[in-house]
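To be precise, the following lines are data-v9.cif, and they hold mmCIF, C-alpha atoms.
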data_coords
#
loop_
_atom_site.label_atom_id
_atom_site.label_comp_id
_atom_site.auth_asym_id
_atom_site.auth_seq_id
_atom_site.Cartn_x
_atom_site.Cartn_y
_atom_site.Cartn_z
CA MET A 623 -176.49 -24.09 -64.62
CA ALA A 624 -173.86 -26.25 -66.16
CA PRO A 625 -174.02 -29.90 -65.27
CA PRO A 626 -171.11 -31.04 -63.12
CA ARG A 627 -168.08 -31.97 -65.14
CA GLU A 628 -167.54 -35.60 -64.48
CA GLU A 629 -163.81 -35.76 -65.13
CA THR A 630 -162.93 -33.32 -62.38
CA VAL A 631 -165.32 -34.69 -59.80
CA GLU A 632 -163.71 -36.47 -56.90
CA SER A 633 -165.92 -39.05 -55.31
CA LYS A 634 -166.14 -37.53 -51.85
CA SER A 635 -169.38 -36.19 -50.49
CA SER A 636 -167.96 -33.49 -48.20
CA GLU A 637 -166.35 -31.82 -51.17
CA ASN A 638 -168.25 -31.20 -54.39
CA LEU A 639 -170.78 -29.39 -52.27
CA ARG A 640 -173.21 -27.17 -54.13
CA VAL A 641 -172.94 -23.68 -52.71
CA LEU A 642 -174.73 -20.36 -53.15
CA PRO A 643 -173.35 -16.86 -52.59
CA GLY A 644 -173.38 -16.08 -48.88
CA ASP A 645 -173.17 -19.69 -47.75
CA ASP A 646 -171.12 -20.03 -44.63
CA LEU A 647 -168.55 -22.73 -45.25
CA SER A 648 -166.76 -22.58 -41.91
CA ASP A 649 -167.93 -26.04 -40.93
CA VAL A 650 -166.26 -27.53 -44.00
CA PHE A 651 -162.98 -26.01 -42.89
CA ILE A 652 -163.43 -26.88 -39.24
CA SER A 653 -163.87 -30.53 -40.14
CA THR A 654 -160.52 -30.49 -41.93
CA ARG A 655 -158.74 -28.06 -39.63
CA GLY A 656 -155.07 -28.37 -38.89
CA SER A 657 -152.97 -26.96 -41.68
CA LYS A 658 -153.13 -23.70 -43.59
CA PHE A 659 -155.77 -23.45 -46.29
CA ARG A 660 -155.70 -21.66 -49.59
CA LEU A 661 -158.89 -20.04 -50.77
CA GLY A 662 -159.37 -20.02 -54.51
CA PRO A 663 -161.80 -18.07 -56.67
CA GLY A 664 -165.33 -17.82 -55.27
CA LEU A 665 -164.35 -18.02 -51.63
CA ARG A 666 -163.93 -15.08 -49.34
CA GLN A 667 -162.70 -14.75 -45.81
CA GLU A 668 -164.97 -12.71 -43.55
CA GLY A 669 -163.24 -12.41 -40.21
CA GLU A 670 -163.09 -15.91 -38.82
CA THR A 671 -165.53 -17.43 -41.28
CA VAL A 672 -165.28 -18.39 -44.91
CA VAL A 673 -168.14 -17.39 -47.18
CA ALA A 674 -168.93 -18.37 -50.75
CA CYS A 675 -169.38 -15.49 -53.17
CA LYS A 676 -170.36 -17.45 -56.29
CA CYS A 677 -172.80 -20.22 -56.94
CA GLY A 678 -171.21 -23.44 -58.04
CA ILE A 679 -169.54 -26.54 -56.74
CA LEU A 680 -166.97 -26.50 -53.98
CA ARG A 681 -163.81 -28.22 -55.16
CA LYS A 682 -160.76 -29.27 -53.24
CA LYS A 683 -157.23 -30.19 -54.24
CA GLU A 684 -155.46 -32.47 -51.82
CA PRO A 685 -151.73 -31.76 -51.68
CA ASN A 686 -151.89 -28.31 -50.09
CA ASP A 687 -155.57 -27.94 -49.24
CA VAL A 688 -156.72 -25.56 -51.96
CA PHE A 689 -160.44 -24.89 -52.04
CA TRP A 690 -162.31 -23.09 -54.80
CA ILE A 691 -165.70 -22.84 -56.42
CA ASP A 692 -166.18 -24.28 -59.86
CA ASN A 693 -168.87 -22.37 -61.71
CA HIS A 694 -170.23 -21.39 -65.07
CA GLN A 695 -169.31 -17.84 -65.90
CA LYS A 696 -168.85 -15.61 -68.91
CA ARG A 697 -167.64 -12.37 -67.36
CA TYR A 698 -163.89 -12.30 -66.89
CA VAL A 699 -162.40 -10.72 -63.80
CA PRO A 700 -158.67 -10.14 -64.37
CA VAL A 701 -156.37 -12.14 -62.12
CA LYS A 702 -152.66 -11.56 -61.77
CA GLY A 703 -150.53 -14.13 -63.55
CA GLU A 704 -153.19 -15.48 -65.89
CA THR A 705 -152.71 -15.61 -69.64
CA VAL A 706 -155.39 -13.85 -71.66
CA LEU A 707 -156.25 -13.03 -75.25
CA GLY A 708 -156.84 -9.36 -75.88
CA ILE A 709 -157.69 -7.11 -78.79
CA VAL A 710 -155.64 -3.95 -79.27
CA VAL A 711 -158.14 -1.09 -79.26
CA GLY A 712 -155.91 1.94 -79.10
CA LYS A 713 -152.50 3.49 -78.77
CA ALA A 714 -151.83 6.04 -76.07
CA GLY A 715 -148.26 7.25 -76.02
CA ASP A 716 -146.07 4.49 -74.67
CA VAL A 717 -148.83 1.96 -74.09
CA PHE A 718 -151.42 0.09 -76.09
CA LYS A 719 -154.94 -0.23 -74.76
CA VAL A 720 -156.03 -3.84 -74.93
CA ASP A 721 -159.55 -5.12 -74.43
CA ILE A 722 -159.35 -8.32 -72.38
CA GLY A 723 -163.02 -8.62 -71.51
CA GLY A 724 -162.62 -7.13 -68.05
CA SER A 725 -164.35 -4.05 -66.69
CA VAL A 726 -161.63 -1.74 -68.04
CA PRO A 727 -159.18 -2.23 -70.90
CA ALA A 728 -155.69 -3.35 -69.93
CA THR A 729 -152.51 -1.47 -70.76
CA LEU A 730 -149.68 -3.09 -72.68
CA SER A 731 -146.36 -1.29 -72.80
CA TYR A 732 -144.63 -1.32 -76.18
CA LEU A 733 -141.45 -2.33 -74.34
CA ALA A 734 -143.09 -5.51 -73.00
CA PHE A 735 -142.41 -7.49 -76.17
CA GLU A 736 -139.47 -9.74 -76.90
CA GLY A 737 -136.60 -7.77 -78.38
CA ALA A 738 -138.37 -4.42 -78.16
CA THR A 739 -136.36 -1.32 -77.35
CA LYS A 740 -137.16 2.39 -77.39
CA ARG A 741 -135.68 2.55 -80.89
CA ASN A 742 -137.12 -0.72 -82.11
CA ARG A 743 -140.86 -0.65 -81.52
CA PRO A 744 -142.97 -3.78 -81.99
CA ASN A 745 -145.21 -3.82 -85.00
CA VAL A 746 -148.64 -3.72 -83.37
CA ALA A 747 -151.70 -2.36 -85.12
CA ILE A 748 -155.14 -1.57 -83.75
CA GLY A 749 -157.33 -4.64 -84.06
CA ASP A 750 -154.51 -7.14 -83.53
CA VAL A 751 -155.06 -10.07 -81.21
CA VAL A 752 -152.40 -10.43 -78.51
CA PHE A 753 -151.77 -13.27 -76.10
CA GLY A 754 -150.36 -11.85 -72.91
CA ARG A 755 -149.86 -12.45 -69.25
CA LEU A 756 -151.42 -10.18 -66.63
CA LEU A 757 -148.69 -8.52 -64.62
CA VAL A 758 -150.94 -6.26 -62.56
CA ALA A 759 -154.54 -7.07 -61.77
CA ASN A 760 -156.34 -5.74 -58.76
CA ARG A 761 -159.63 -4.06 -58.07
CA ASP A 762 -158.20 -0.55 -57.77
CA MET A 763 -155.89 -0.32 -60.77
CA GLU A 764 -156.24 -0.98 -64.45
CA PRO A 765 -154.73 -4.31 -65.41
CA GLU A 766 -151.36 -4.43 -67.15
CA LEU A 767 -150.37 -6.98 -69.74
CA VAL A 768 -146.93 -8.17 -70.80
CA CYS A 769 -145.96 -10.30 -73.77
CA MET A 770 -142.75 -11.76 -72.37
CA ASP A 771 -141.56 -13.65 -69.33
CA SER A 772 -139.26 -12.41 -66.59
CA ALA A 773 -136.23 -13.47 -68.65
CA GLY A 774 -137.33 -11.27 -71.55
CA ARG A 775 -138.23 -14.10 -73.91
CA SER A 776 -141.61 -14.34 -75.57
CA GLY A 777 -142.37 -17.90 -74.44
CA GLY A 778 -145.35 -18.22 -76.76
CA LEU A 779 -146.80 -14.84 -75.86
CA GLY A 780 -147.18 -12.02 -78.37
CA ILE A 781 -149.23 -11.06 -81.37
CA MET A 782 -151.29 -13.79 -83.02
CA SER A 783 -150.24 -13.34 -86.61
CA ASP A 784 -150.85 -15.05 -89.97
CA GLY A 785 -154.62 -14.95 -89.93
CA GLY A 786 -156.45 -17.30 -87.65
CA PHE A 787 -159.78 -16.77 -86.00
CA MET A 788 -160.75 -15.73 -82.50
CA PHE A 789 -164.04 -16.57 -80.84
CA GLN A 790 -165.60 -16.07 -77.46
CA CYS A 791 -166.77 -18.85 -75.15
CA SER A 792 -167.47 -19.39 -71.48
CA LEU A 793 -164.64 -19.30 -68.96
CA GLY A 794 -165.50 -22.87 -68.04
CA LEU A 795 -164.76 -24.16 -71.55
CA VAL A 796 -161.27 -22.68 -71.53
CA ARG A 797 -160.61 -24.18 -68.13
CA LYS A 798 -161.94 -27.50 -69.33
CA MET A 799 -159.73 -27.65 -72.42
CA LEU A 800 -156.65 -26.59 -70.48
CA SER A 801 -157.26 -29.03 -67.66
CA PRO A 802 -154.64 -31.81 -67.55
CA LYS A 803 -157.38 -34.44 -67.56
CA CYS A 804 -158.98 -33.24 -70.79
CA THR A 805 -157.55 -34.60 -74.03
CA LEU A 806 -159.75 -32.61 -76.43
CA VAL A 807 -157.02 -30.41 -77.91
CA LYS A 808 -154.53 -33.23 -78.08
CA GLN A 809 -156.97 -35.45 -79.94
CA LEU A 810 -157.90 -32.63 -82.26
CA GLY A 811 -154.21 -32.10 -82.95
CA GLN A 812 -153.87 -35.71 -84.02
CA VAL A 813 -156.61 -35.22 -86.60
CA MET A 814 -155.55 -31.96 -88.23
CA PRO A 815 -152.68 -29.49 -88.06
CA VAL A 816 -153.86 -26.72 -85.78
CA GLU A 817 -152.39 -23.94 -83.70
CA LEU A 818 -154.30 -22.30 -80.89
CA ALA A 819 -154.16 -19.90 -78.00
CA ALA A 820 -156.67 -20.16 -75.19
CA GLY A 821 -156.97 -17.18 -72.88
CA MET A 822 -158.36 -17.53 -69.37
CA ASN A 823 -160.74 -14.69 -70.26
CA GLY A 824 -162.88 -17.02 -72.36
CA ARG A 825 -161.37 -16.32 -75.75
CA ILE A 826 -159.87 -18.89 -78.05
CA TRP A 827 -157.79 -18.12 -81.11
CA LEU A 828 -157.39 -20.86 -83.72
CA ARG A 829 -155.47 -21.32 -86.90
CA GLY A 830 -155.73 -24.31 -89.23
CA LYS A 831 -154.22 -25.00 -92.61
CA THR A 832 -157.37 -23.86 -94.39
CA VAL A 833 -160.36 -21.75 -93.44
CA SER A 834 -162.59 -24.80 -93.37
CA SER A 835 -160.30 -26.70 -91.03
CA THR A 836 -160.21 -23.69 -88.71
CA ILE A 837 -164.00 -23.64 -88.66
CA THR A 838 -164.11 -27.39 -88.04
CA ALA A 839 -161.77 -27.08 -85.08
CA MET A 840 -163.79 -24.19 -83.69
CA ASN A 841 -167.02 -26.15 -83.92
CA ALA A 842 -165.40 -29.15 -82.26
CA ILE A 843 -164.11 -27.10 -79.36
CA SER A 844 -167.25 -25.08 -78.76
CA SER A 845 -169.48 -28.15 -78.89
CA ALA A 846 -167.28 -29.99 -76.37
CA GLU A 847 -168.20 -27.74 -73.47
CA PHE A 848 -170.60 -30.15 -71.78
CA MET A 849 -169.24 -33.42 -73.18
CA THR A 850 -167.64 -36.13 -71.13
CA GLU A 851 -164.27 -37.53 -72.05
CA SER A 852 -165.75 -40.51 -73.89
CA GLU A 853 -168.17 -38.30 -75.82
CA ILE A 854 -165.25 -36.11 -76.88
CA ARG A 855 -163.38 -39.15 -78.10
CA LEU A 856 -166.38 -40.25 -80.13
CA MET A 857 -166.85 -36.77 -81.59
CA VAL A 858 -163.21 -36.43 -82.65
CA HIS A 859 -163.33 -39.91 -84.15
CA ARG A 860 -166.31 -38.96 -86.28
CA LEU A 861 -164.59 -35.72 -87.19
CA GLN A 862 -161.56 -37.64 -88.35
CA ASP A 863 -163.70 -39.72 -90.69
CA SER A 864 -165.36 -36.67 -92.18
CA VAL A 865 -162.09 -34.74 -92.51
CA SER A 866 -160.35 -37.60 -94.32
CA GLY A 867 -163.46 -37.99 -96.52
CA MET A 868 -163.41 -34.28 -97.28
CA TRP A 869 -159.74 -34.28 -98.20
CA SER A 870 -160.01 -37.36 -100.37
CA GLY A 871 -162.97 -35.70 -102.07
CA ILE A 872 -160.88 -32.61 -102.87
CA SER A 873 -157.90 -34.47 -104.27
CA MET B 15 -104.25 2.05 -8.95
CA ALA B 16 -105.81 -1.38 -9.16
CA ASN B 17 -108.54 -0.36 -6.77
CA ASP B 18 -109.62 2.45 -9.06
CA HIS B 19 -110.57 0.08 -11.86
CA ARG B 20 -114.28 -0.44 -11.80
CA VAL B 21 -116.43 -2.32 -14.23
CA ASP B 22 -119.51 -0.57 -15.48
CA GLY B 23 -122.70 -2.14 -16.79
CA ARG B 24 -121.37 -2.87 -20.24
CA GLY B 25 -118.36 -4.73 -18.94
CA LYS B 26 -116.05 -1.88 -19.89
CA THR B 27 -113.38 -0.90 -17.43
CA LYS B 28 -114.03 2.52 -15.98
CA LEU B 29 -110.90 4.48 -15.40
CA SER B 30 -110.29 6.84 -12.54
CA LYS B 31 -110.87 10.60 -12.77
CA ASN B 32 -107.21 11.36 -12.34
CA LEU B 33 -106.26 9.06 -15.15
CA MET B 34 -108.88 10.55 -17.42
CA GLN B 35 -107.49 14.01 -16.86
CA MET B 36 -104.08 13.01 -18.15
CA LYS B 37 -103.07 14.40 -21.49
CA PHE B 38 -103.12 11.16 -23.48
CA MET B 39 -106.71 10.44 -22.37
CA GLN B 40 -108.12 13.77 -23.58
CA ARG B 41 -109.42 12.41 -26.87
CA THR B 42 -111.36 9.62 -25.22
CA GLN B 43 -112.86 11.98 -22.73
CA GLU B 44 -113.97 14.32 -25.49
CA SER B 45 -115.74 11.57 -27.36
CA ASN B 46 -117.42 10.41 -24.14
CA VAL B 47 -118.79 13.86 -23.52
CA GLN B 48 -120.01 14.03 -27.11
CA LYS B 49 -121.85 10.73 -26.71
CA GLU B 50 -123.52 11.86 -23.53
CA LEU B 51 -124.68 15.05 -25.20
CA GLU B 52 -126.15 13.13 -28.09
CA ALA B 53 -128.03 10.80 -25.77
CA GLU B 54 -129.40 13.76 -23.86
CA GLN B 55 -130.57 15.39 -27.08
CA ARG B 56 -132.25 12.21 -28.25
CA ARG B 57 -134.07 11.85 -24.96
CA ARG B 58 -135.34 15.39 -25.17
CA ILE B 59 -136.64 14.83 -28.71
CA ASP B 60 -138.33 11.59 -27.70
CA GLU B 61 -140.09 13.33 -24.84
CA THR B 62 -141.52 16.04 -27.08
CA HIS B 63 -143.06 13.47 -29.45
CA TRP B 64 -146.69 12.66 -28.84
CA PHE B 65 -147.93 9.15 -28.86
CA LEU B 66 -151.34 7.61 -28.42
CA ASP B 67 -151.71 5.51 -25.36
CA LEU B 68 -153.26 2.56 -27.17
CA PRO B 69 -152.69 -1.14 -26.89
CA GLU B 70 -150.48 -2.41 -29.68
CA ILE B 71 -152.29 -3.69 -32.74
CA THR B 72 -151.42 -7.31 -33.21
CA VAL B 73 -152.07 -8.84 -36.59
CA LYS B 74 -153.67 -12.18 -36.05
CA GLU B 75 -152.10 -14.85 -38.18
CA SER B 76 -154.66 -15.92 -40.70
CA ASN B 77 -155.35 -19.56 -41.34
CA PHE B 78 -156.06 -18.81 -44.99
CA ASP B 79 -154.10 -17.75 -48.02
CA VAL B 80 -155.87 -16.31 -51.01
CA GLU B 81 -155.21 -17.84 -54.39
CA PRO B 82 -157.31 -15.89 -56.89
CA SER B 83 -156.43 -17.82 -60.04
CA PHE B 84 -158.18 -20.87 -61.43
CA ALA B 85 -155.01 -21.71 -63.32
CA VAL B 86 -153.18 -22.50 -60.09
CA CYS B 87 -156.11 -24.26 -58.41
CA GLU B 88 -156.85 -26.58 -61.31
CA ASP B 89 -153.24 -27.00 -62.53
CA LEU B 90 -154.18 -25.68 -65.94
CA LYS B 91 -151.81 -26.08 -68.86
CA PHE B 92 -150.25 -23.21 -70.76
CA GLY B 93 -152.83 -21.92 -73.24
CA ARG B 94 -150.65 -21.86 -76.34
CA MET B 95 -150.49 -25.06 -78.37
CA SER B 96 -149.61 -26.25 -81.81
CA TYR B 97 -149.95 -29.64 -83.45
CA LYS B 98 -148.63 -31.31 -86.58
CA GLY B 99 -146.02 -28.67 -87.28
CA MET B 100 -148.38 -25.73 -87.55
CA ASN B 101 -146.02 -23.53 -85.51
CA PRO B 102 -142.68 -25.21 -84.78
CA SER B 103 -141.56 -22.64 -82.19
CA ILE B 104 -144.69 -23.24 -80.12
CA GLU B 105 -144.21 -26.98 -80.38
CA LYS B 106 -140.70 -26.53 -79.04
CA ILE B 107 -142.06 -24.62 -76.04
CA MET B 108 -144.70 -27.34 -75.51
CA ARG B 109 -142.04 -30.02 -75.53
CA SER B 110 -139.88 -28.17 -73.03
CA ILE B 111 -142.84 -27.65 -70.69
CA GLU B 112 -143.70 -31.32 -70.96
CA ALA B 113 -140.10 -32.32 -70.24
CA GLU B 114 -140.06 -30.07 -67.19
CA GLU B 115 -143.24 -31.66 -65.88
CA LEU B 116 -141.88 -35.16 -66.39
CA GLU B 117 -138.70 -34.21 -64.61
CA ALA B 118 -140.65 -32.81 -61.67
CA ILE B 119 -142.65 -36.02 -61.45
CA SER B 120 -139.60 -38.25 -61.58
CA GLU B 121 -137.84 -36.08 -59.02
CA GLN B 122 -140.83 -36.44 -56.75
CA ARG B 123 -140.77 -40.19 -57.19
CA GLU B 124 -137.06 -40.30 -56.52
CA ARG B 125 -137.52 -38.33 -53.33
CA GLU B 126 -140.02 -40.90 -52.15
CA MET B 127 -137.79 -43.82 -53.11
CA THR B 128 -134.39 -42.74 -51.83
CA VAL B 129 -133.10 -42.42 -48.31
CA SER B 130 -133.28 -38.99 -46.80
CA ASP B 131 -130.18 -37.22 -45.49
CA GLU B 132 -131.19 -37.67 -41.87
CA GLU B 133 -131.82 -41.37 -42.36
CA MET B 134 -128.45 -41.66 -44.05
CA ALA B 135 -126.69 -39.91 -41.19
CA ARG B 136 -128.41 -42.11 -38.62
CA ARG B 137 -127.49 -45.30 -40.40
CA TYR B 138 -123.99 -44.19 -41.13
CA SER B 139 -123.30 -43.31 -37.50
CA THR B 140 -123.99 -46.90 -36.50
CA LEU B 141 -121.72 -48.10 -39.28
CA VAL B 142 -118.65 -46.08 -38.31
CA GLY B 143 -117.35 -48.65 -35.80
CA THR B 144 -117.77 -51.49 -38.25
CA ILE B 145 -115.84 -49.74 -40.97
CA THR B 146 -112.89 -48.85 -38.73
CA ASN B 147 -112.80 -52.54 -37.88
CA LYS B 148 -112.18 -53.27 -41.50
CA PHE B 149 -109.05 -51.17 -41.64
CA THR B 150 -107.42 -52.46 -38.46
CA LYS B 151 -105.36 -55.63 -38.41
CA LYS B 152 -106.87 -58.65 -36.79
CA ARG B 153 -104.32 -58.62 -34.00
CA ASN B 154 -105.09 -55.01 -33.11
CA ARG B 155 -108.78 -55.39 -33.50
CA THR B 156 -109.70 -55.93 -29.88
CA GLN B 157 -107.35 -53.20 -28.84
CA ALA B 158 -108.65 -50.86 -31.48
CA LEU B 159 -112.17 -51.38 -30.30
CA ASP B 160 -111.20 -50.48 -26.76
CA GLU B 161 -109.42 -47.23 -27.51
CA PRO B 162 -109.76 -46.22 -31.10
CA GLN B 163 -109.36 -42.54 -30.37
CA GLU B 164 -105.79 -42.69 -28.98
CA LYS B 165 -103.56 -40.20 -30.72
CA ARG B 166 -100.07 -41.17 -31.62
CA VAL B 167 -97.58 -38.79 -30.01
CA LYS B 168 -95.05 -37.49 -32.44
CA LYS B 169 -91.49 -38.28 -31.46
CA GLU B 170 -89.46 -35.17 -30.95
CA PHE B 171 -86.29 -34.04 -29.32
CA ARG B 172 -86.45 -33.58 -25.59
CA LYS B 173 -84.07 -31.43 -23.76
CA PRO B 174 -82.07 -33.47 -21.28
CA PRO B 175 -82.69 -32.38 -17.70
CA ASP B 176 -80.05 -30.20 -16.15
CA GLU B 177 -77.97 -31.65 -13.41
#
Could you quickly redo this structure as structure tokens?
Amino acid sequence: MAPPREETVESKSSENLRVLPGDDLSDVFISTRGSKFRLGPGLRQEGETVVACKCGILRKKEPNDVFWIDNHQKRYVPVKGETVLGIVVGKAGDVFKVDIGGSVPATLSYLAFEGATKRNRPNVAIGDVVFGRLLVANRDMEPELVCMDSAGRSGGLGIMSDGGFMFQCSLGLVRKMLSPKCTLVKQLGQVMPVELAAGMNGRIWLRGKTVSSTITAMNAISSAEFMTESEIRLMVHRLQDSVSGMWSGIS
Amino acid sequence: MANDHRVDGRGKTKLSKNLMQMKFMQRTQESNVQKELEAEQRRRIDETHWFLDLPEITVKESNFDVEPSFAVCEDLKFGRMSYKGMNPSIEKIMRSIEAEELEAISEQREREMTVSDEEMARRYSTLVGTITNKFTKKRNRTQALDEPQEKRVKKEFRKPPDE
């Protein structure tokens, strides 16, 4: 199991509880009873009790009492509203089939792109990588992706064009690099020009100025999974030295 | 005639039979009959419907909401980023998101710092007397305090009494 991520750990003993699937967590909620709770991923309500359905660490967010289980996982389960990276695997009439790593491929309507009309179809080919938001995701229906927001603008979603490279990692790494406390991507951005898209389904798409810088960024990100904040800083610092050495060597 | 007026349950005046038979009341009477018929019909339909004699199912209010996304729980950032001018349009989006967040934070801080509307109303209500004091002359001040609400009667022509 992944070691606990130190940056997100609050120093309270009642939270950060290690739980196993089936653990009855009612007593945790009884001790903090009063307001309404929100159950995040990994927690399930069984009648009056709350049961864990993943193994991991119980986390809590203060302002509106959100509880969830933080765990290491590679299998993505689609969740409504999350942004994911998918690969277009087929065209079926009005929709594209997109593999997002879930149990079934998602559908993506050709009208769900910015500026797309019935006459003006988006230029999507099989094998393209798309960054989309899940509009429909539940256990009984196949998930549906869109590449625009409710106002019809792209807002950063759409096809990842101009090369780049996509790789797979654990869901935890994506959550770590998107967490507000983690400065990995920001630091990496100070070192080299880079563009990236991180999907909640454990896929990261990267594009640097050159192929070698893309590979460097990929290595930096994938090796940062179990690093603490200070270790990340040290790693990026070393990277900066080597990158500047490399570039001065070329010129 | 006055004795014939009765008030029915809905507070509507019930008119006498004789009055209802008059020619100008015919339309009202017709519509009344129509309404009665409709009610009768509805009752008959309701009676033919079957219903299960079960206690009503009450949905118990749950103490829990479900929030299935990590992104909401952990306040994750938007997954599309660009640095050092790699994709200017993405950097624009990043900047706008950042500005929105900053604004939300400052708004939150402001809400904590400033006086709430209720507090304002409470304080202001105690101030009202003091401020009216400011606009009255010193000589009138004591009088104004005693009866500040007195309305000035507008002078108008009065008819002289007949003799």
Margin query: Using all atoms listed in the file and a cut-off of 6 Å, which residues of chain A sit close to chain B? Please list them as a VMD selection string.
Written below: chain A and resid 658 to 663 800 to 801 811 815 to 820
Checklist line | Explicit residues for the PyMOL selection byres ((chain A and resi 788) around 8) (as a ChimeraX atom specification) | finding: /A:786-787,789-790,825-828
Cut-off 10 Å: closest stretch 777-820 of chain A/stretch 686-701 of chain A atom pairs per residue, using all atoms listed in the file, as CSV:
residue,atom,partner,partner_atom,distance
A:Gln790,CA,A:Lys696,CA,9.2
A:Cys791,CA,A:Lys696,CA,7.3
A:Ser792,CA,A:Lys696,CA,4.8
A:Leu793,CA,A:Lys696,CA,5.6
A:Gly794,CA,A:His694,CA,5.8
A:Leu795,CA,A:His694,CA,8.9
A:Arg797,CA,A:Asp692,CA,10.0
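Interatomic distance, atom CA of A:Arg640 against atom CA of A:Gly724: 26.6 Å.
For the structure shown here, the set of residues caught by the PyMOL selection byres ((chain A and resi 648) around 8) is Asp646, Leu647, Asp649, Val650, Phe651, Ile652, Thr671, Val672 and Val673 of chain A.
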Can I get the selection written as an mmCIF file, in the coordinates of the input, with C-alpha atoms?
data_model
loop_
_atom_site.group_PDB
_atom_site.id
_atom_site.type_symbol
_atom_site.label_atom_id
_atom_site.label_comp_id
_atom_site.auth_asym_id
_atom_site.auth_seq_id
_atom_site.Cartn_x
_atom_site.Cartn_y
_atom_site.Cartn_z
ATOM 1 C CA ASP A 646 -171.120 -20.030 -44.630
ATOM 2 C CA LEU A 647 -168.550 -22.730 -45.250
ATOM 3 C CA ASP A 649 -167.930 -26.040 -40.930
ATOM 4 C CA VAL A 650 -166.260 -27.530 -44.000
ATOM 5 C CA PHE A 651 -162.980 -26.010 -42.890
ATOM 6 C CA ILE A 652 -163.430 -26.880 -39.240
ATOM 7 C CA THR A 671 -165.530 -17.430 -41.280
ATOM 8 C CA VAL A 672 -165.280 -18.390 -44.910
ATOM 9 C CA VAL A 673 -168.140 -17.390 -47.180
#
Next item on the list: Enter the distance from atom CA of A:Ala839 to atom CA of A:Ser776, in Å, rounded to one decimal.
Entry: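 Interatomic distance, atom CA of A:Ala839 to atom CA of A:Ser776: 25.7 Å.
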Next item on the list: Kindly resolve the PyMOL selection byres ((chain A and resi 779) around 8) on the present coordinates and return the residues as a PyMOL selection string.
Entry: chain A and resi 752-755+769-770+776-778+780-781
Notebook entry, point to check: Which residue out of A:Met763, A:Met822, A:Val858, A:Met849 has the minimum interatomic distance to A:Gly723 when all atoms listed in the file are used?
Noted result: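 Between A:Met763, A:Met822, A:Val858, A:Met849, the residue approaching A:Gly723 most closely is A:Met822.
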Checklist line | Residue neighbourhood A:His859, 12 Å, all atoms listed in the file, exclusion window fewer than 4 positions, as number ranges by chain | finding: A: 806, 809-810, 812-814, 842, 852-855, 863-866
Check: What is the atom CA of A:Gly703 to atom CA of A:Glu766 distance in Å?
Finding: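 If I compute the distance from atom CA of A:Gly703 to atom CA of A:Glu766, I get 10.4 Å.
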Repaired coordinates for stretch 711-722 of chain A (N, CA and C atoms) as a PDB file, in the frame of the given file:
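Once everything was written out, this is rebuild-v2.pdb:
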ATOM      1  N   VAL A 711    -157.096  -2.036 -78.878  1.00  0.00           N
ATOM      2  CA  VAL A 711    -158.140  -1.090 -79.260  1.00  0.00           C
ATOM      3  C   VAL A 711    -157.613   0.335 -79.390  1.00  0.00           C
ATOM      4  N   GLY A 712    -156.394   0.582 -78.961  1.00  0.00           N
ATOM      5  CA  GLY A 712    -155.910   1.940 -79.100  1.00  0.00           C
ATOM      6  C   GLY A 712    -154.454   2.073 -78.712  1.00  0.00           C
ATOM      7  N   LYS A 713    -153.866   3.190 -79.153  1.00  0.00           N
ATOM      8  CA  LYS A 713    -152.500   3.490 -78.770  1.00  0.00           C
ATOM      9  C   LYS A 713    -152.530   4.788 -77.996  1.00  0.00           C
ATOM     10  N   ALA A 714    -151.872   4.814 -76.858  1.00  0.00           N
ATOM     11  CA  ALA A 714    -151.830   6.040 -76.070  1.00  0.00           C
ATOM     12  C   ALA A 714    -150.403   6.247 -75.608  1.00  0.00           C
ATOM     13  N   GLY A 715    -149.640   6.971 -76.399  1.00  0.00           N
ATOM     14  CA  GLY A 715    -148.260   7.250 -76.020  1.00  0.00           C
ATOM     15  C   GLY A 715    -147.423   5.996 -75.997  1.00  0.00           C
ATOM     16  N   ASP A 716    -146.974   5.619 -74.782  1.00  0.00           N
ATOM     17  CA  ASP A 716    -146.070   4.490 -74.670  1.00  0.00           C
ATOM     18  C   ASP A 716    -146.796   3.159 -74.497  1.00  0.00           C
ATOM     19  N   VAL A 717    -148.116   3.207 -74.358  1.00  0.00           N
ATOM     20  CA  VAL A 717    -148.830   1.960 -74.090  1.00  0.00           C
ATOM     21  C   VAL A 717    -149.930   1.728 -75.120  1.00  0.00           C
ATOM     22  N   PHE A 718    -150.256   0.462 -75.290  1.00  0.00           N
ATOM     23  CA  PHE A 718    -151.420   0.090 -76.090  1.00  0.00           C
ATOM     24  C   PHE A 718    -152.557  -0.189 -75.125  1.00  0.00           C
ATOM     25  N   LYS A 719    -153.764   0.146 -75.544  1.00  0.00           N
ATOM     26  CA  LYS A 719    -154.940  -0.230 -74.760  1.00  0.00           C
ATOM     27  C   LYS A 719    -155.447  -1.546 -75.334  1.00  0.00           C
ATOM     28  N   VAL A 720    -155.641  -2.514 -74.470  1.00  0.00           N
ATOM     29  CA  VAL A 720    -156.030  -3.840 -74.930  1.00  0.00           C
ATOM     30  C   VAL A 720    -157.310  -4.263 -74.224  1.00  0.00           C
ATOM     31  N   ASP A 721    -158.300  -4.647 -75.014  1.00  0.00           N
ATOM     32  CA  ASP A 721    -159.550  -5.120 -74.430  1.00  0.00           C
ATOM     33  C   ASP A 721    -159.394  -6.595 -74.070  1.00  0.00           C
ATOM     34  N   ILE A 722    -159.485  -6.920 -72.785  1.00  0.00           N
ATOM     35  CA  ILE A 722    -159.350  -8.320 -72.380  1.00  0.00           C
ATOM     36  C   ILE A 722    -160.658  -8.862 -71.803  1.00  0.00           C
TER      37      ILE A 722
END
